[in-house]
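Here is the structure we will look at.
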Amino acid sequence: DAGDYTALSEKMTPKDLSDFLGRYFEALFQPVRKYGGLIVDLKGDSILAIWKGSHDDPALRKRACLAALAMAESVARFNQSVAPYSLHTRIGLHAGELTIGAVGAMDHYEYRPTGDVVNTASRVEGFNKYVGTQIAVSDEVIQGLDGLLTRPLGAFRLKGKGKPLGLHELVNGSEQVEQVQREACAIFAEGLTAFRTRSWDQARVAFQQCIDVTGEDGPSLFYLSLCDQYLKTPPSEEAWDAVVVLDKK
């Protein structure tokens with residue numbers, strides 16, 4: 001998180017900050033490498049990794065999801081080890097066609113991926129800030145995958161994008177799922193269905209119940225705010241498509 005990074009830079013010497021970030025990046029790199037990803041860019045305290053193949057491969061998308069879950073666990077351990085300091089980490093996954101080229105010589109190469117998929121993945125990562133999630137993935141990523149607990153979050157038009165994107169929270173691997181997570185996902189789904197049919201009061205009840213079950217739930221809080229807004233100023237039925245427009249990164 002850029003705010004976390006700025007705060008740390010004000011509290012640490014340049015050397016201490018460099019050492020801190022080195023350990024942080026290693027916590028991120030290990031899961032990416034373990035699941036066959038390629039780290040292609042570093043900016044500030046963020047990384048870009050890709051899983052590339054010659055065609056759409058569900059196995060590649062599954063490995064990227066497993067890497068994301070492992071990264072979240074790895075960063076949690078890292079933050080515990082460096083308390084009271086910490087870095088809040090958000091992860092966004094998207095799948096599609098890209099072009100990648102290598103520039104360099106001898107034993108040093110820089111890989112530069114290009115294409116809308118890269119920009120969209122960045123927008124998906126930023127989407128986490130809106131709804132209070134840690135790992136957000138697109139329809140294109142989880143289509144046809146099993147063995148994962150995901151929660152549909154709705155359709156969103158992200159900043160700079162014309163086409164709505166179906167987004168989900170990647171919650172856990174199926175082997176690690178807790179009962180409260182399954183219950184919360186089921187209740188949230190009821191709320192989302194009610195939201196889509198413009199049943200704002202019914203949706204509010206479900207989202208509040210989801211918060212009661214979990215203690216705190218970012219997506220439910222996000223939709224509670226939307227429901228309150230639409231109860232005061234309902235969108236026209238003719239224009240309603242249940243797509244949420246986000247105008248910030």
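In the structure tokens, chains take letters A, B, ... by order of appearance, with residues numbered from 1 within each chain and ligands from 1 in the order shown.
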Subject >> All helix (DSSP H, G or I) residues (DSSP, backbone) inside range 6-84 of chain A, as a PyMOL selection string >> reply: chain A and resi 6-11+14-34+58-81
Subject >> Long-range neighbours of Val82 in chain A as a list in words, 12 Å cut-off, only C-alpha atoms, 3 positions minimum in chain >> reply: Leu8, Asp16, Leu17, Asp19, Phe20, Leu21, Arg23, Tyr24, Val75, Ala76, Arg77, Phe78, Asn79, Tyr85, Ser86 and Leu87 of chain A
Would you output that residue set with C-alpha atoms, as a tab-separated table (two decimals), in the first residue's frame?
```tsv
chain	number	residue	atom	x	y	z
A	8	LEU	CA	7.71	3.54	6.67
A	16	ASP	CA	16.69	-0.11	7.17
A	17	LEU	CA	13.94	0.54	4.62
A	19	ASP	CA	16.48	-4.26	4.16
A	20	PHE	CA	12.80	-4.23	5.14
A	21	LEU	CA	11.64	-4.17	1.53
A	23	ARG	CA	12.53	-9.21	3.15
A	24	TYR	CA	9.05	-8.16	2.04
A	75	VAL	CA	2.90	-11.59	3.92
A	76	ALA	CA	0.87	-12.23	7.08
A	77	ARG	CA	3.83	-14.15	8.52
A	78	PHE	CA	6.20	-11.40	7.41
A	79	ASN	CA	4.12	-8.68	9.07
A	85	TYR	CA	5.73	-2.33	11.19
A	86	SER	CA	3.67	-3.85	8.39
A	87	LEU	CA	2.72	-3.53	4.74
```
Original post:
Within 6 Å of range 138-144 of chain A, counting only C-alpha atoms, which residues qualify if same-chain residues fewer than 6 places away don't, as a list in words?
Top reply: Arg61, His94, Ala95, Gly166 and Leu167 of chain A
Original post:
CA of Leu148 in chain A and CA of Gly173 in chain A, how far apart in Å?
Top reply: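 CA of Leu148 in chain A lies 4.5 Å from CA of Gly173 in chain A.
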**OP:** Can you pull out every residue within 9 Å of Tyr130 in chain A, counting only C-alpha atoms, but drop anything in the same chain fewer than 3 positions away, and send it as a list in words?
**Re:**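 Contacts, with the query itself left out: Gly126, Phe127, Thr133, Gly218, Pro219, Phe222 and Leu246 of chain A.
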**OP:** Considering only C-alpha atoms, return as a PyMOL selection string whatever protein or nucleic-acid residues lie within 12 Å of Arg33 in chain A, sequence-local ones (same chain, fewer than 4 positions apart) excluded.
**Re:** chain A and resi 26-29+37-40+49-51+63-64+66-68+70-71
Store the residues picked out above, limited to N, CA and C atoms, as an mmCIF file, in the first residue's frame.
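Written file, again26.cif:
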```
data_model
loop_
_atom_site.group_PDB
_atom_site.id
_atom_site.type_symbol
_atom_site.label_atom_id
_atom_site.label_comp_id
_atom_site.auth_asym_id
_atom_site.auth_seq_id
_atom_site.Cartn_x
_atom_site.Cartn_y
_atom_site.Cartn_z
ATOM 1 N N GLU A 26 10.924 -10.825 -0.789
ATOM 2 C CA GLU A 26 11.190 -12.257 -0.744
ATOM 3 C C GLU A 26 9.948 -13.023 -0.297
ATOM 4 N N ALA A 27 9.177 -12.424 0.624
ATOM 5 C CA ALA A 27 7.930 -13.051 1.056
ATOM 6 C C ALA A 27 6.938 -13.158 -0.096
ATOM 7 N N LEU A 28 7.010 -12.223 -1.044
ATOM 8 C CA LEU A 28 6.136 -12.265 -2.215
ATOM 9 C C LEU A 28 6.697 -13.161 -3.313
ATOM 10 N N PHE A 29 8.010 -13.098 -3.509
ATOM 11 C CA PHE A 29 8.634 -13.834 -4.608
ATOM 12 C C PHE A 29 8.506 -15.352 -4.444
ATOM 13 N N GLY A 37 5.214 -18.783 -11.542
ATOM 14 C CA GLY A 37 5.034 -17.445 -12.088
ATOM 15 C C GLY A 37 6.355 -16.788 -12.427
ATOM 16 N N LEU A 38 6.300 -15.757 -13.242
ATOM 17 C CA LEU A 38 7.479 -15.008 -13.656
ATOM 18 C C LEU A 38 7.311 -13.558 -13.210
ATOM 19 N N ILE A 39 8.206 -13.072 -12.371
ATOM 20 C CA ILE A 39 8.158 -11.690 -11.902
ATOM 21 C C ILE A 39 8.796 -10.807 -12.964
ATOM 22 N N VAL A 40 8.015 -9.849 -13.479
ATOM 23 C CA VAL A 40 8.495 -9.075 -14.625
ATOM 24 C C VAL A 40 8.669 -7.595 -14.329
ATOM 25 N N ALA A 49 3.606 -9.970 -11.758
ATOM 26 C CA ALA A 49 4.001 -11.336 -12.111
ATOM 27 C C ALA A 49 3.028 -11.881 -13.139
ATOM 28 N N ILE A 50 3.519 -12.749 -14.005
ATOM 29 C CA ILE A 50 2.656 -13.339 -15.023
ATOM 30 C C ILE A 50 2.847 -14.859 -15.050
ATOM 31 N N TRP A 51 1.802 -15.527 -15.537
ATOM 32 C CA TRP A 51 1.851 -16.963 -15.825
ATOM 33 C C TRP A 51 1.502 -17.065 -17.302
ATOM 34 N N ARG A 63 -2.751 -22.125 -10.880
ATOM 35 C CA ARG A 63 -1.488 -21.880 -10.178
ATOM 36 C C ARG A 63 -1.374 -20.425 -9.748
ATOM 37 N N ALA A 64 -1.859 -19.512 -10.587
ATOM 38 C CA ALA A 64 -1.822 -18.100 -10.208
ATOM 39 C C ALA A 64 -2.689 -17.849 -8.972
ATOM 40 N N LEU A 66 -3.466 -20.087 -6.615
ATOM 41 C CA LEU A 66 -2.796 -20.696 -5.469
ATOM 42 C C LEU A 66 -1.622 -19.840 -5.003
ATOM 43 N N ALA A 67 -0.929 -19.227 -5.963
ATOM 44 C CA ALA A 67 0.167 -18.339 -5.603
ATOM 45 C C ALA A 67 -0.352 -17.126 -4.841
ATOM 46 N N ALA A 68 -1.483 -16.575 -5.283
ATOM 47 C CA ALA A 68 -2.059 -15.410 -4.610
ATOM 48 C C ALA A 68 -2.420 -15.744 -3.168
ATOM 49 N N ALA A 70 -1.104 -18.118 -1.343
ATOM 50 C CA ALA A 70 0.148 -18.341 -0.613
ATOM 51 C C ALA A 70 0.855 -17.023 -0.316
ATOM 52 N N MET A 71 0.749 -16.066 -1.226
ATOM 53 C CA MET A 71 1.352 -14.750 -0.992
ATOM 54 C C MET A 71 0.692 -14.067 0.205
#
```
**OP:** Per DSSP on the backbone, filter range 44-149 of chain A down to the residues in strand (DSSP E) and report them as a PyMOL selection string.
**Re:** chain A and resi 46-50+91-93+99-105+108-114+135-138+148-149
Those selected residues, please, written with N, CA, C and O atoms and delivered as a compact mmCIF listing (two decimals), in the first residue's frame.
```txt
# COMPACT_ATOMS: atom_id res chain seq x y z
N SER A 46 5.46 -2.63 -5.02
CA SER A 46 4.55 -3.52 -5.75
C SER A 46 5.30 -4.34 -6.78
O SER A 46 6.40 -3.97 -7.21
N ILE A 47 4.71 -5.46 -7.16
CA ILE A 47 5.31 -6.33 -8.17
C ILE A 47 4.28 -6.69 -9.22
O ILE A 47 3.07 -6.63 -8.98
N LEU A 48 4.76 -7.05 -10.40
CA LEU A 48 3.93 -7.60 -11.46
C LEU A 48 4.47 -8.97 -11.82
O LEU A 48 5.65 -9.12 -12.13
N ALA A 49 3.61 -9.97 -11.76
CA ALA A 49 4.00 -11.34 -12.11
C ALA A 49 3.03 -11.88 -13.14
O ALA A 49 1.84 -11.52 -13.15
N ILE A 50 3.52 -12.75 -14.00
CA ILE A 50 2.66 -13.34 -15.02
C ILE A 50 2.85 -14.86 -15.05
O ILE A 50 3.88 -15.40 -14.65
N ILE A 91 -3.89 -7.95 -3.89
CA ILE A 91 -3.53 -8.74 -5.06
C ILE A 91 -4.68 -8.74 -6.05
O ILE A 91 -5.84 -8.95 -5.66
N GLY A 92 -4.39 -8.51 -7.32
CA GLY A 92 -5.39 -8.56 -8.37
C GLY A 92 -4.96 -9.49 -9.48
O GLY A 92 -3.80 -9.46 -9.91
N LEU A 93 -5.88 -10.34 -9.95
CA LEU A 93 -5.58 -11.29 -11.02
C LEU A 93 -6.56 -11.11 -12.19
O LEU A 93 -7.76 -10.98 -11.99
N THR A 99 1.43 -9.43 -24.93
CA THR A 99 2.68 -9.57 -25.67
C THR A 99 3.82 -9.34 -24.70
O THR A 99 3.78 -8.41 -23.89
N ILE A 100 4.82 -10.19 -24.76
CA ILE A 100 5.96 -10.02 -23.86
C ILE A 100 7.25 -10.17 -24.66
O ILE A 100 7.39 -11.06 -25.49
N GLY A 101 8.17 -9.24 -24.41
CA GLY A 101 9.45 -9.29 -25.11
C GLY A 101 10.59 -9.12 -24.14
O GLY A 101 10.43 -8.55 -23.05
N ALA A 102 11.75 -9.62 -24.48
CA ALA A 102 12.93 -9.52 -23.62
C ALA A 102 13.90 -8.53 -24.24
O ALA A 102 14.22 -8.59 -25.43
N VAL A 103 14.39 -7.61 -23.40
CA VAL A 103 15.37 -6.62 -23.84
C VAL A 103 16.60 -6.75 -22.96
O VAL A 103 16.51 -6.79 -21.74
N GLY A 104 17.79 -6.87 -23.56
CA GLY A 104 19.00 -6.97 -22.77
C GLY A 104 20.08 -7.73 -23.50
O GLY A 104 20.01 -7.96 -24.71
N ALA A 105 21.09 -8.15 -22.77
CA ALA A 105 22.20 -8.88 -23.35
C ALA A 105 22.90 -9.67 -22.26
O ALA A 105 22.69 -9.45 -21.06
N HIS A 108 21.64 -10.58 -18.43
CA HIS A 108 20.64 -9.67 -17.87
C HIS A 108 19.58 -9.32 -18.91
O HIS A 108 19.92 -8.82 -19.99
N TYR A 109 18.34 -9.64 -18.60
CA TYR A 109 17.23 -9.33 -19.49
C TYR A 109 16.11 -8.67 -18.69
O TYR A 109 15.91 -8.98 -17.51
N GLU A 110 15.42 -7.77 -19.34
CA GLU A 110 14.24 -7.16 -18.75
C GLU A 110 13.03 -7.57 -19.58
O GLU A 110 13.01 -7.38 -20.80
N TYR A 111 12.03 -8.16 -18.93
CA TYR A 111 10.82 -8.60 -19.63
C TYR A 111 9.75 -7.53 -19.52
O TYR A 111 9.48 -7.03 -18.41
N ARG A 112 9.17 -7.19 -20.65
CA ARG A 112 8.18 -6.13 -20.68
C ARG A 112 6.86 -6.63 -21.27
O ARG A 112 6.72 -6.73 -22.48
N PRO A 113 5.89 -6.93 -20.42
CA PRO A 113 4.59 -7.36 -20.92
C PRO A 113 3.75 -6.15 -21.31
O PRO A 113 3.82 -5.09 -20.66
N THR A 114 2.99 -6.27 -22.37
CA THR A 114 2.10 -5.20 -22.79
C THR A 114 0.74 -5.79 -23.14
O THR A 114 0.61 -6.99 -23.37
N ILE A 135 -7.69 -10.20 -2.06
CA ILE A 135 -7.42 -10.82 -3.36
C ILE A 135 -8.68 -10.74 -4.22
O ILE A 135 -9.71 -11.34 -3.89
N ALA A 136 -8.60 -10.01 -5.32
CA ALA A 136 -9.72 -9.91 -6.26
C ALA A 136 -9.30 -10.55 -7.58
O ALA A 136 -8.17 -10.37 -8.04
N VAL A 137 -10.23 -11.28 -8.19
CA VAL A 137 -9.96 -11.95 -9.46
C VAL A 137 -11.13 -11.73 -10.40
O VAL A 137 -12.27 -11.53 -9.97
N SER A 138 -10.85 -11.78 -11.68
CA SER A 138 -11.90 -11.56 -12.68
C SER A 138 -12.55 -12.88 -13.09
O SER A 138 -12.03 -13.96 -12.82
N LEU A 148 -11.41 -24.14 -5.20
CA LEU A 148 -11.19 -22.81 -4.62
C LEU A 148 -12.51 -22.26 -4.10
O LEU A 148 -13.56 -22.48 -4.72
N LEU A 149 -12.46 -21.56 -2.98
CA LEU A 149 -13.64 -20.86 -2.50
C LEU A 149 -13.54 -19.41 -2.97
O LEU A 149 -12.62 -18.69 -2.59
```
Original post:
With only C-alpha atoms as the atoms that count, which of A:Thr13, A:Ser74, A:Thr197, A:Thr6 lies nearest to Gly44 in chain A?
Top reply: A:Thr6
